Each structure stands twice: as C-alpha cells, then as structure tokens.
Amino acid sequence: STATVARRRACGDNQRVHRVRLIVAWATMGLALVAFCASSYLEADSGAYSSGLLENAAFTAAWLSTTGVGFLLAIKQERNAIGWILLASGFYLTLLGFSTSYENYGVLAHPDSLPATEWAVLFGAQTWPVLFVGITAVAYLFPTGALPAGRWRPIASVAAVSFIVLTLVTPFTPEAFPDPFVAVENPLPTLDYGLYALLINLGMVGALAGMIGAALSVRSRLKVAGGKERLQLRLLAYSASIIPAAMVVCLTEIAISGDDGPA
C-alpha cells in the first residue's frame, strides 16, 4: 500500500541520515586527533618557544574533554544538538592549539620553515569569539537541545547575531598582532579603525548581554524543572554563571595590560 511504501521510504531516509551523522562524528574526531598529534610534534620541536608544559596540559584537558564528550553524545544521542555543539567546540580548540604550535614553530623557533604562518597567527589571535559560542549555546539549549520558550529566544538571537558579527569582523583588525608576532602582517585587508571599533564594540555588548542571558536562562529553568532535568541543570548552573565572568576578566586584563595573557 501507499502507507507501507511511505514508511519504508521514511525508514530508509532515517538510516541514511544516521549514517551521515556517524560519518561526520567519526571524521571530526579523527581530524581532531590528527591535528592534536601534529600540534604535539611541533611543540616538542619548538624548544624554548613552545607553549610550556602547564599550558599544554591545560589545553589538552580542555580539547580532549570537550571533543570526547561531544563525540560520545553525537553518536549516542545524535538528535540532540548538545553533542554536536561540544564536538564542534572541541574541534575548534584543537585547531586553535595547532595554529599556536604552528606559529611558534614556523615564526619563532624555525623562522620561514613553514608556509602560510601568517594565517596561523591570524587564526590564533583573531578567532577568539568562537571560544564563547559553544558554551553560550550549551547554556541556552541544555539538556534537551531546544531553545527555551518565551523571552529567551530573542535574547539568544541577539547573542547569535553578535557572535556572527564578532567572528566575521575580528580577522580584519587594523591593529598589529600581539607580541611576539607584531612583525607578522595580516594576510587579510584591514578595516578602517573607526568602523572596526564600532562593529567590535556593538558585537561585544550584544555578546556579553547574550551570555548573561544564557546564565539567567539556566537559573530560570532550574526554578521550574523537576526530576532528572533539575539535577542536570543544577550541574550546569555553576558553569553557566562563569560564562560572562570569564569574558569580563579577559577584557579587564586586556584593558589593564594591553594584552591577553594568563587570564
């Protein structure tokens, strides 16, 4: 019958989507491991210009936990967005670590030994907004993977637009890269300083408001949740409260010292 054919077709479509999702998850995890191995090799051969044992250990813990948990969720609960967000965030951290090792090796330890080092410097210095995208999205979507209803949706939309603006604009900075890469030229054209500052400031205000909204949305859902969901949200509540605080600390450090250092 027509209904039977439709059910079989739907079943086949679901199986194909399932296979594609598995391929994407495994490929992302595999690429992350390759990038991590390459980064470790470059770090080991960078000598005094490596990032250091403590920073490398902290970074390894961050990317491995984020990517690992995201991978497991993506293959076990593939319809929930949380796993995919974590997997993408961990993959970005892996690329960030690789770009840092690449620039340390190709610019500082062994100058002119690697191609396109200016792109690695650009990626490492000017993609920082992406660091906050994943954790903000998780705070809004956890644990169901769906946006909470009501006033949180427009606030989440403001955060999304602000992060898009920041991510697109920051690479076109008219400012020099931070030490020790001041002499490296930006491979992209630069924006007028006034326009750049305007867009960055607007994006920062919107992103910070969105992150505060993310923390408050967790608190709001925690008040009305019950059972297992309440326990899940309680585990997330403390982390969500740190999201805007982390950005404030980083901005304060930059305002005081002129550079993004230990914070």
# chains A, B, ... in the order shown; residues from 1 in each chain; ligands from 1

$ select_by_dssp --residues "stretch 1-239 of chain A" --states "alpha helix (DSSP H)" --output "VMD selection string"
chain A and resid 2 to 44 53 to 76 81 to 103 117 to 126 129 to 141 152 to 169 193 to 224 227 to 239

$ closest_residue --among "A:Ser99, A:Ser162, A:Asp45, A:Asn104" --to "A:Asn201" --atoms "only C-alpha atoms"
A:Ser162

$ residues_around --residues "stretch 81-93 of chain A" --least-positions-apart "6" --cutoff "6 Å" --atoms "only C-alpha atoms" --output "ChimeraX atom specification"
/A:32,63,66-67,70-71,73-74,134,145

$ write_last_selection --atoms "C-alpha atoms" --output "mmCIF file, in the first residue's frame"
data_model
loop_
_atom_site.group_PDB
_atom_site.id
_atom_site.type_symbol
_atom_site.label_atom_id
_atom_site.label_comp_id
_atom_site.auth_asym_id
_atom_site.auth_seq_id
_atom_site.Cartn_x
_atom_site.Cartn_y
_atom_site.Cartn_z
ATOM 1 C CA ALA A 32 40.924 16.386 15.786
ATOM 2 C CA TRP A 63 40.056 19.882 23.974
ATOM 3 C CA THR A 66 35.090 18.743 25.094
ATOM 4 C CA THR A 67 35.690 16.731 21.932
ATOM 5 C CA GLY A 70 30.742 15.718 22.269
ATOM 6 C CA PHE A 71 31.720 12.686 20.185
ATOM 7 C CA LEU A 73 26.869 12.268 22.709
ATOM 8 C CA ALA A 74 26.827 12.754 18.940
ATOM 9 C CA GLY A 134 29.795 26.807 22.170
ATOM 10 C CA GLY A 145 18.840 20.613 22.695
#

$ atom_distance --atom1 "atom CA of A:Leu42" --atom2 "atom CA of A:His110"
10.5 Å
